[in-house]
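Here the structure comes first, spelled out in structure tokens, and everything after it is commentary.
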Amino acid sequence: MIRFATPLALMLAIAVIARVVMFIRDRREHFGAFRFSSLALVGPRRSFRVRTAWIPFTLEILALLLVTIALARPQRVIRAAANDRYGIDIVIALDASGSMAAEDFRPRNRFAVAKDLIGDFIEKRVDDRIGIVTFGVRAVTRVPITFDREVARAILDRADVGENGNGTAIGHAIATCVNRLRNSKSRSRVIILVTDGVNNAGSIDPQVAASLAAKYGIKIYAIGVGSEGPVPLPIKRQNPFTGEIETVYQHIRGEIDEKSLRSIADTTGGEYFRATDARAMSDVLQRIDRLEKSRLTAPKTEVVEELYVWPLAGGLALLLFSLTGSESVWQKVTA
């Protein structure tokens with residue numbers, strides 16, 4: 001399909017037509033008062049330059065018309081029809097509280113390993129829409145549900161521990177995910193909740209949020225992250241003697257509320273999983289990867305090719321030829 005991006009520019013063609021009309025009118029007014037039946041009676045035969053004296057003006061008019069078309073920005077539009085795709089709508093709620101910095105998933109901490117494994121999970125879900133929510137004392141939507149997996153992974157890579165505070169507002173995180181999914185047209189909608197703690201922040205009870213999810217037909221797959229027993233947690237503090245910032249390790253004991261997480265999953269028809277190391281978490285995500293699929297409609301794509309360069313180049317070429325011709329070949333005739 002061909003269209004003009006700025007069709008109002010075609011109004012300039014009226015000015016070009018007006019110039020043609022004025023030219024014709026002026027030519028008629030300059031005709032002599034006497035008419036002869038043959039030009040042979042009043043002089044020699046007209047030369048080639050005289051017979052082609054109309055060419056510069058014609059070229060100028062054509063050039064102006066082509067420039068006018070170029071200003072209207074003609075475009076070739078190629079639309080790809082919408083395709084039915086099979087997938088589900090998934091929102092991943094990732095705990096970004098301070099305890100996720102615990103280094104029991106060596107050689108890195110829980111949060112870094114979770115980001116990598118979730119990133120790999122996103123890459124596999126070619127036909128799904130993905131959203132990302134991170135939470136601490138508050139929940140923040142980092143990526144609304146989208147087909148663009150590259151954008152989702154890039155934003156996920158920039159997430160960091162403690163950016164939403166050091167508490168764990170699981171209820172608020174679930175409610176935020178539900179808000180993102182409640183208007184989804186997919187028959188299968190899923191929240192993947194990844195946390196290592198107990199709900200200790202926010203004003204929304206996790207069980208109430210889970211009931212809300214169930215009301216909208218949203219499943220919650222909860223993953224409790226962290227090994228059992230004391231785990232090392234790096235803490236930055238200022239050295240009282242040197243004033244420099246240094247990292248010290250404090251051993252903490254995991255406090256995953258498995259009973260609550262299992263209840264949340266059961267309320268929505270989902271499942272609860274425990275991931276005590278990187279391999280276990282990878283296995284959990286692979287298991288979730290085998291969820292049922294439903295039909296989604298992908299958005300129409302549109303490719304626009306700008307065509308203004310061709311009439312612009314043609315118009316400038318004709319204008320240049322007209323000007324050089326008027327100053328050389330037809331100089332005496334137009335003088």
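We label chains A, B, ... in the order they appear in the structure tokens, count residues from 1 in each chain, and number ligands from 1 in the order shown.
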Residues flagged helix (DSSP H, G or I) by DSSP in stretch 62-272 of chain A, as a ChimeraX atom specification: /A:62-71,98-101,110-124,149-158,170-181,206-215,258-268
Shell around A:Ile288 at 9 Å using only C-alpha atoms, local window under 4 positions removed, as an MDAnalysis selection string: chainID A and resid 192 221 283:284
Using only N, CA, C and O atoms, please write the residues we just selected to a file, as a compact mmCIF listing (two decimals), in the first residue's frame.
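Printed below is result02.txt as written:
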# COMPACT_ATOMS: atom_id res chain seq x y z
N ILE A 192 4.75 -16.49 38.63
CA ILE A 192 5.84 -17.27 39.21
C ILE A 192 6.45 -16.42 40.32
O ILE A 192 7.06 -15.38 40.06
N TYR A 221 2.68 -20.16 40.90
CA TYR A 221 3.70 -21.16 41.15
C TYR A 221 4.75 -20.49 42.04
O TYR A 221 5.46 -19.59 41.60
N ASP A 283 15.80 -26.89 37.71
CA ASP A 283 14.85 -27.99 37.50
C ASP A 283 13.40 -27.52 37.70
O ASP A 283 12.50 -27.92 36.96
N VAL A 284 13.20 -26.65 38.69
CA VAL A 284 11.86 -26.13 38.96
C VAL A 284 11.36 -25.32 37.77
O VAL A 284 10.21 -25.48 37.31
Exercise: A:Glu271 partners within 10 Å, only C-alpha atoms, chain neighbours under 2 positions left out, as a PyMOL selection string: chain A and resi 192+219-223+261-269+273+288
Please, could you write that set of residues out with N, CA, C and O atoms as a PDB file, in the first residue's frame?
ATOM      1  N   ILE A 192       4.746 -16.492  38.630  1.00  0.00           N
ATOM      2  CA  ILE A 192       5.841 -17.268  39.209  1.00  0.00           C
ATOM      3  C   ILE A 192       6.446 -16.417  40.318  1.00  0.00           C
ATOM      4  O   ILE A 192       7.063 -15.384  40.059  1.00  0.00           O
ATOM      5  N   LYS A 219      -3.059 -18.731  38.087  1.00  0.00           N
ATOM      6  CA  LYS A 219      -2.312 -19.703  38.892  1.00  0.00           C
ATOM      7  C   LYS A 219      -1.044 -19.061  39.457  1.00  0.00           C
ATOM      8  O   LYS A 219      -0.418 -18.231  38.799  1.00  0.00           O
ATOM      9  N   ILE A 220      -0.677 -19.475  40.637  1.00  0.00           N
ATOM     10  CA  ILE A 220       0.575 -19.014  41.233  1.00  0.00           C
ATOM     11  C   ILE A 220       1.480 -20.219  41.463  1.00  0.00           C
ATOM     12  O   ILE A 220       1.096 -21.186  42.124  1.00  0.00           O
ATOM     13  N   TYR A 221       2.680 -20.161  40.897  1.00  0.00           N
ATOM     14  CA  TYR A 221       3.704 -21.158  41.154  1.00  0.00           C
ATOM     15  C   TYR A 221       4.749 -20.495  42.038  1.00  0.00           C
ATOM     16  O   TYR A 221       5.464 -19.585  41.604  1.00  0.00           O
ATOM     17  N   ALA A 222       4.811 -20.922  43.296  1.00  0.00           N
ATOM     18  CA  ALA A 222       5.707 -20.305  44.270  1.00  0.00           C
ATOM     19  C   ALA A 222       6.989 -21.116  44.379  1.00  0.00           C
ATOM     20  O   ALA A 222       6.965 -22.350  44.447  1.00  0.00           O
ATOM     21  N   ILE A 223       8.118 -20.407  44.414  1.00  0.00           N
ATOM     22  CA  ILE A 223       9.417 -21.049  44.552  1.00  0.00           C
ATOM     23  C   ILE A 223      10.108 -20.476  45.786  1.00  0.00           C
ATOM     24  O   ILE A 223      10.404 -19.273  45.847  1.00  0.00           O
ATOM     25  N   LEU A 261       3.506 -20.221  51.578  1.00  0.00           N
ATOM     26  CA  LEU A 261       3.716 -20.281  50.131  1.00  0.00           C
ATOM     27  C   LEU A 261       2.951 -21.450  49.510  1.00  0.00           C
ATOM     28  O   LEU A 261       2.385 -21.338  48.426  1.00  0.00           O
ATOM     29  N   ARG A 262       2.932 -22.569  50.209  1.00  0.00           N
ATOM     30  CA  ARG A 262       2.176 -23.731  49.709  1.00  0.00           C
ATOM     31  C   ARG A 262       0.678 -23.430  49.688  1.00  0.00           C
ATOM     32  O   ARG A 262      -0.030 -23.798  48.740  1.00  0.00           O
ATOM     33  N   SER A 263       0.194 -22.728  50.708  1.00  0.00           N
ATOM     34  CA  SER A 263      -1.220 -22.362  50.757  1.00  0.00           C
ATOM     35  C   SER A 263      -1.581 -21.404  49.633  1.00  0.00           C
ATOM     36  O   SER A 263      -2.644 -21.511  49.019  1.00  0.00           O
ATOM     37  N   ILE A 264      -0.674 -20.451  49.354  1.00  0.00           N
ATOM     38  CA  ILE A 264      -0.898 -19.499  48.258  1.00  0.00           C
ATOM     39  C   ILE A 264      -1.033 -20.238  46.932  1.00  0.00           C
ATOM     40  O   ILE A 264      -1.949 -19.984  46.137  1.00  0.00           O
ATOM     41  N   ALA A 265      -0.125 -21.174  46.687  1.00  0.00           N
ATOM     42  CA  ALA A 265      -0.157 -21.932  45.433  1.00  0.00           C
ATOM     43  C   ALA A 265      -1.412 -22.797  45.343  1.00  0.00           C
ATOM     44  O   ALA A 265      -2.085 -22.838  44.303  1.00  0.00           O
ATOM     45  N   ASP A 266      -1.749 -23.476  46.432  1.00  0.00           N
ATOM     46  CA  ASP A 266      -2.924 -24.352  46.431  1.00  0.00           C
ATOM     47  C   ASP A 266      -4.213 -23.579  46.195  1.00  0.00           C
ATOM     48  O   ASP A 266      -5.136 -24.066  45.538  1.00  0.00           O
ATOM     49  N   THR A 267      -4.298 -22.377  46.743  1.00  0.00           N
ATOM     50  CA  THR A 267      -5.504 -21.548  46.588  1.00  0.00           C
ATOM     51  C   THR A 267      -5.795 -21.256  45.120  1.00  0.00           C
ATOM     52  O   THR A 267      -6.954 -21.143  44.708  1.00  0.00           O
ATOM     53  N   THR A 268      -4.734 -21.150  44.322  1.00  0.00           N
ATOM     54  CA  THR A 268      -4.908 -20.765  42.915  1.00  0.00           C
ATOM     55  C   THR A 268      -4.821 -21.943  41.955  1.00  0.00           C
ATOM     56  O   THR A 268      -4.901 -21.752  40.734  1.00  0.00           O
ATOM     57  N   GLY A 269      -4.600 -23.144  42.486  1.00  0.00           N
ATOM     58  CA  GLY A 269      -4.453 -24.297  41.606  1.00  0.00           C
ATOM     59  C   GLY A 269      -3.051 -24.463  41.080  1.00  0.00           C
ATOM     60  O   GLY A 269      -2.824 -25.234  40.136  1.00  0.00           O
ATOM     61  N   PHE A 273       7.311 -25.067  45.121  1.00  0.00           N
ATOM     62  CA  PHE A 273       8.556 -25.781  44.924  1.00  0.00           C
ATOM     63  C   PHE A 273       9.621 -25.201  45.867  1.00  0.00           C
ATOM     64  O   PHE A 273       9.609 -24.010  46.185  1.00  0.00           O
ATOM     65  N   ILE A 288       8.093 -25.868  35.299  1.00  0.00           N
ATOM     66  CA  ILE A 288       7.073 -24.862  35.000  1.00  0.00           C
ATOM     67  C   ILE A 288       7.012 -24.610  33.498  1.00  0.00           C
ATOM     68  O   ILE A 288       5.957 -24.285  32.937  1.00  0.00           O
TER      69      ILE A 288
END
From A:Pro230, A:Gly254, A:Pro74, A:Pro56, residue lying nearest A:Trp310 [only C-alpha atoms]: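 Among A:Pro230, A:Gly254, A:Pro74, A:Pro56, it is A:Pro74 that comes nearest to A:Trp310.
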Selected residue of minimal separation from A:Pro311 among A:Leu193, A:Leu8, A:Leu65, A:Ala209, counting only C-alpha atoms: A:Leu65
Residue list (strand (DSSP E or B), DSSP) for stretch 150-315 of chain A, as a ChimeraX atom specification: /A:189-195,218-225,230-238,245-253,272-275,294-297,301-306
Separation of atom CA of A:Gly119 from atom CA of A:His251, in Å and rounded to one decimal: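 Value for the atom CA of A:Gly119-atom CA of A:His251 distance: 28.4 Å.
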Among listed residues A:Ile118, A:Ile218, A:Gly202, A:Ser227, nearest A:Arg187 (using only C-alpha atoms):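 So, comparing all the options, the nearest one is A:Ile218.
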All residues 12 Å or closer to A:Ile170, only C-alpha atoms, same chain fewer than 4 positions away omitted, as number ranges by chain: A: 93-97, 133-140, 174-177, 192-210, 222, 224, 256-257, 260-261, 264
Residue with smallest distance to A:Gly98 - pool A:Val161, A:Val113, A:Val77, A:Val151, counting only C-alpha atoms: A:Val161
Close residues, A:Leu318 itself excluded, 7 Å, only C-alpha atoms, min 4 positions apart in chain, as a ChimeraX atom specification: /A:59-60,63,314,322
From A:Ala159, A:Leu181, A:Leu233, A:Ala114, residue lying nearest A:Arg279 [only C-alpha atoms]: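 Answer, going by the shortest atom-to-atom distance: A:Ala114.
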Residues within 9 Å of A:Gly131, only C-alpha atoms, excluding chain neighbours under 3 positions, as a list in words: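 The contact residues come out as Asp89, Ile90, Val91, Ile92, Ala93, Thr141, Arg142, Val143, Pro144, Ile145, Thr146, Ala152, Cys177 and Arg180 of chain A.
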For A:Thr68: contacts at 8 Å, only C-alpha atoms, fewer than 5 positions along chain excluded, given as a list of chain:residue names: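 Residues meeting the cut-off are A:Ala9, A:Leu10, A:Leu12, A:Ala13.
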Nearest to A:Asp120, chosen from A:Trp54, A:Arg149, A:Met22, A:Thr168, with only C-alpha atoms counted in the distances: A:Arg149
